[in-house]
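Reading through the structure tokens given below for one structure.
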Amino acid sequence: MPTQTQNTAISLVALKDSARLLAFQHEYDASGPGRSARYELSYGMSPELLDEFAPLVHGRVLSVHASCPRRDSFPNLASADSRVIAQSREDLRLSLDTVLRFGAGIMVLHPGYATDRLVPSEALFRQRMLTDVEFQPYIWKSKGSICSPDYVREPRYRDFTNRALKNLVDVAVDCAGRGVKLAIENLNPRVGYLFQTPEEMVSITKTHPELYLCVDIGHLWASSCVYRFDYLDALRAIIATGKVVTSHLHSNPSRCASNPADPETGVYEDSHSSLDRWEMPYVESIQMLAAARVNLVLEVKEEPLRNMLLLQRLRFPGFALGS
């Protein structure tokens with residue numbers, strides 16, 4: 001029987017109160033020898049919830065998803081507005097304090113947005129913002145404000161990307177000075193979102209040695225359906241950088257347009273569903289990430305215990321439940 005390393009975890013996005021957290025923790029810890037639930041703190045957690053959870057997850061937190069504690073907006077390190085950068089840096093300082101308070105070693109960050117404004121963290125307000133006139137020229141499919149396949153080549157997009165990279169270096173150096181790795185997450189193929197493609201993720205690793213990666217396989221799958229790159233080849237290329245330290249695992253129903261000229265014939269969604277709910281190659285993905293000794297963090301919004309047991313069976317295929 002293999003000895004389990006403690007590099008599997010679940011985002012607290014699926015466990016939003018103490019009762020659910022304790023029930024999950026009890027059932028998972030009792031599900032097999034050597035099991036001890038590990039967590040990623042999510043960006044939706046209020047200061048009060050962090051205080052409530054602190055004694056329950058002591059010694060069990062692998063990573064923190066900024067901004068944590070929850071803020072009204074996401075950090076936007078691509079902005080040309082010095083006030084937005086200042087606010088973003090302050091929010092990230094608070095998140096870094098959370099990482100250190102909970103003894104985690106990794107801070108996961110959405111890298112920035114193709115706008116000079118702050119982007120609301122509340123989903124409904126964010127969705128409304130992405131329909132603004134600023135983004136209209138780049139919307140390919142209105143549902144979800146999905147960007148066109150040419151979006152990442154737009155000069156405006158590239159300007160925001162370059163500014164984000166410069167500011168990300170400063171944050172990464174700050175994190176490294178306190179013993180924390182800053183892991184940049186690939187984002188969905190939506191207007192306003194940066195770093196959607198494998199080439200962009202690889203470029204991050206060439207910018208500075210203290211910049212690391214978080215591969216979100218659901219986001220990568222949705223992007224592959226817009227940009228039509230081979231998903232598994234893209235995942236291999238990102239892992240091959242040697243800078244992937246953690247991952248977000250979930251599935252979604254995205255699929256390529258049957259008519260490439262008509263986005264309405266495709267599906268581009270980010271549902272954060274159970275690993276096996278849709279036809280994503282999640283088994284191969286997890287095997288590749290596990291072989292690279294990357295942290296495996298479930299970021300599902302449903303069935304947390306079932307998904308965690310499924311992940312362990314994939315991570316340790318010879319392990320018999322309850323043995």
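Naming scheme: A, B, ... for chains in displayed order of the structure tokens; residues 1 onward per chain; ligands 1 onward as shown.
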Write out as an MDAnalysis selection string all residues of segment 63-153 of chain A that backbone DSSP assigns to helix (DSSP H, G or I). chainID A and resid 82:101 123:129 136:138 151:153
Selected residues written out with C-alpha atoms, as an mmCIF file, in the first residue's frame:
data_model
loop_
_atom_site.group_PDB
_atom_site.id
_atom_site.type_symbol
_atom_site.label_atom_id
_atom_site.label_comp_id
_atom_site.auth_asym_id
_atom_site.auth_seq_id
_atom_site.Cartn_x
_atom_site.Cartn_y
_atom_site.Cartn_z
ATOM 1 C CA SER A 82 -1.843 54.098 -9.886
ATOM 2 C CA ARG A 83 -4.782 54.132 -7.455
ATOM 3 C CA VAL A 84 -5.935 50.715 -8.684
ATOM 4 C CA ILE A 85 -2.416 49.342 -8.355
ATOM 5 C CA ALA A 86 -2.139 50.733 -4.831
ATOM 6 C CA GLN A 87 -5.457 49.156 -3.830
ATOM 7 C CA SER A 88 -4.469 45.860 -5.434
ATOM 8 C CA ARG A 89 -1.141 45.801 -3.620
ATOM 9 C CA GLU A 90 -2.862 46.511 -0.295
ATOM 10 C CA ASP A 91 -5.353 43.689 -0.878
ATOM 11 C CA LEU A 92 -2.492 41.339 -1.711
ATOM 12 C CA ARG A 93 -0.618 42.409 1.419
ATOM 13 C CA LEU A 94 -3.641 41.334 3.452
ATOM 14 C CA SER A 95 -3.749 38.033 1.569
ATOM 15 C CA LEU A 96 -0.065 37.428 2.234
ATOM 16 C CA ASP A 97 -0.748 38.007 5.932
ATOM 17 C CA THR A 98 -3.438 35.302 5.687
ATOM 18 C CA VAL A 99 -1.002 32.888 4.044
ATOM 19 C CA LEU A 100 1.439 33.373 6.905
ATOM 20 C CA ARG A 101 -1.252 33.232 9.598
ATOM 21 C CA ALA A 123 -20.037 37.458 -9.750
ATOM 22 C CA LEU A 124 -23.197 39.333 -10.764
ATOM 23 C CA PHE A 125 -21.498 42.750 -10.717
ATOM 24 C CA ARG A 126 -18.508 41.316 -12.601
ATOM 25 C CA GLN A 127 -20.748 39.828 -15.301
ATOM 26 C CA ARG A 128 -22.448 43.185 -15.777
ATOM 27 C CA MET A 129 -19.109 44.956 -16.060
ATOM 28 C CA GLN A 136 -18.090 45.017 -26.554
ATOM 29 C CA PRO A 137 -15.706 45.001 -29.570
ATOM 30 C CA TYR A 138 -14.078 41.802 -28.300
ATOM 31 C CA TYR A 151 -8.409 38.451 -28.544
ATOM 32 C CA VAL A 152 -4.991 37.598 -27.128
ATOM 33 C CA ARG A 153 -3.318 39.118 -30.210
#
Compare A:Ile146, A:Ser285, A:Met201, A:Asn295 by their minimum atom-to-atom distance to Ser254 of chain A, counting only C-alpha atoms, and give me the closest one. A:Ile146
Give the answer as one residue: which of A:Asp51, A:Asp216, A:Glu27, A:Glu185 has the shortest atom-to-atom distance to Leu109 of chain A, using only C-alpha atoms? A:Glu185
I need the residue nearest Gly179 of chain A from this list: A:Ala104, A:Leu118, A:Leu21, A:Ile217. Use only C-alpha atoms for the distance. A:Ala104
If you run DSSP on the backbone here, which positions in segment 24-138 of chain A get strand (DSSP E)? Please write them as a PyMOL selection string. chain A and resi 39-41+61-65+73-74+106-109+119-120
Just C-alpha atoms for this one: save the residues we selected as an mmCIF file, in the first residue's frame.
data_model
loop_
_atom_site.group_PDB
_atom_site.id
_atom_site.type_symbol
_atom_site.label_atom_id
_atom_site.label_comp_id
_atom_site.auth_asym_id
_atom_site.auth_seq_id
_atom_site.Cartn_x
_atom_site.Cartn_y
_atom_site.Cartn_z
ATOM 1 C CA TYR A 39 -7.447 22.863 2.285
ATOM 2 C CA GLU A 40 -7.076 25.929 0.119
ATOM 3 C CA LEU A 41 -8.640 29.084 1.572
ATOM 4 C CA VAL A 61 -3.880 24.733 4.829
ATOM 5 C CA LEU A 62 -1.689 24.246 1.736
ATOM 6 C CA SER A 63 -2.548 27.427 -0.149
ATOM 7 C CA VAL A 64 -4.568 30.641 -0.114
ATOM 8 C CA HIS A 65 -6.469 32.042 -3.092
ATOM 9 C CA SER A 73 -12.755 43.705 -6.048
ATOM 10 C CA PHE A 74 -10.083 41.426 -7.434
ATOM 11 C CA ILE A 106 1.495 29.230 -1.726
ATOM 12 C CA MET A 107 -0.628 32.233 -2.682
ATOM 13 C CA VAL A 108 -2.739 31.725 -5.817
ATOM 14 C CA LEU A 109 -3.562 34.831 -7.826
ATOM 15 C CA VAL A 119 -13.000 44.196 -11.280
ATOM 16 C CA PRO A 120 -15.824 43.320 -8.841
#
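For Glu199 of chain A, the non-local neighbours within 9 Å, defined as residues at least 6 positions apart in the same chain or in other chains and counting only C-alpha atoms, are A:Ala234, A:Ala237, A:Ile238.
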What does the distance between atom CA of Lys301 of chain A and atom CA of Val244 of chain A come to in Å, to one decimal place? 23.2 Å
If you count only C-alpha atoms, which residues fall within 12 Å of Asp230 of chain A, apart from same-chain ones fewer than 5 positions away, as a ChimeraX atom specification? /A:197-198,220-225,235-237,256,281
Please produce a file of those selected residues containing C-alpha atoms, as a JSON list (two decimals), in the first residue's frame.
[["chain", "number", "residue", "atom", "x", "y", "z"],
["A", 197, "THR", "CA", -3.50, 30.39, -23.27],
["A", 198, "PRO", "CA", -0.63, 27.95, -22.65],
["A", 220, "LEU", "CA", -7.62, 25.48, -19.66],
["A", 221, "TRP", "CA", -10.29, 23.17, -21.08],
["A", 222, "ALA", "CA", -12.66, 26.09, -21.78],
["A", 223, "SER", "CA", -9.83, 28.06, -23.41],
["A", 224, "SER", "CA", -8.92, 25.09, -25.60],
["A", 225, "CYS", "CA", -12.48, 25.15, -26.94],
["A", 235, "LEU", "CA", -1.10, 20.91, -20.13],
["A", 236, "ARG", "CA", 2.14, 19.03, -20.85],
["A", 237, "ALA", "CA", 3.81, 22.23, -22.07],
["A", 256, "CYS", "CA", -15.76, 23.55, -29.45],
["A", 281, "PRO", "CA", -9.88, 14.23, -19.77]]
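Between Cys68 of chain A and the residues A:Gly44, A:Gly218, A:Pro155, A:Pro55, the shortest atom-to-atom distance, using only C-alpha atoms, involves A:Gly44.
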Taking into account only C-alpha atoms, which residue in the set A:Leu298, A:Leu15, A:Ala9, A:Cys147 is nearest to Gln196 of chain A?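 Using only C-alpha atoms, the shortest distance to Gln196 of chain A belongs to A:Cys147.
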Which residue gives the smallest distance to Ile139 of chain A among A:Arg70, A:Lys166, A:His110, A:Arg190, with only C-alpha atoms counted? A:Arg190
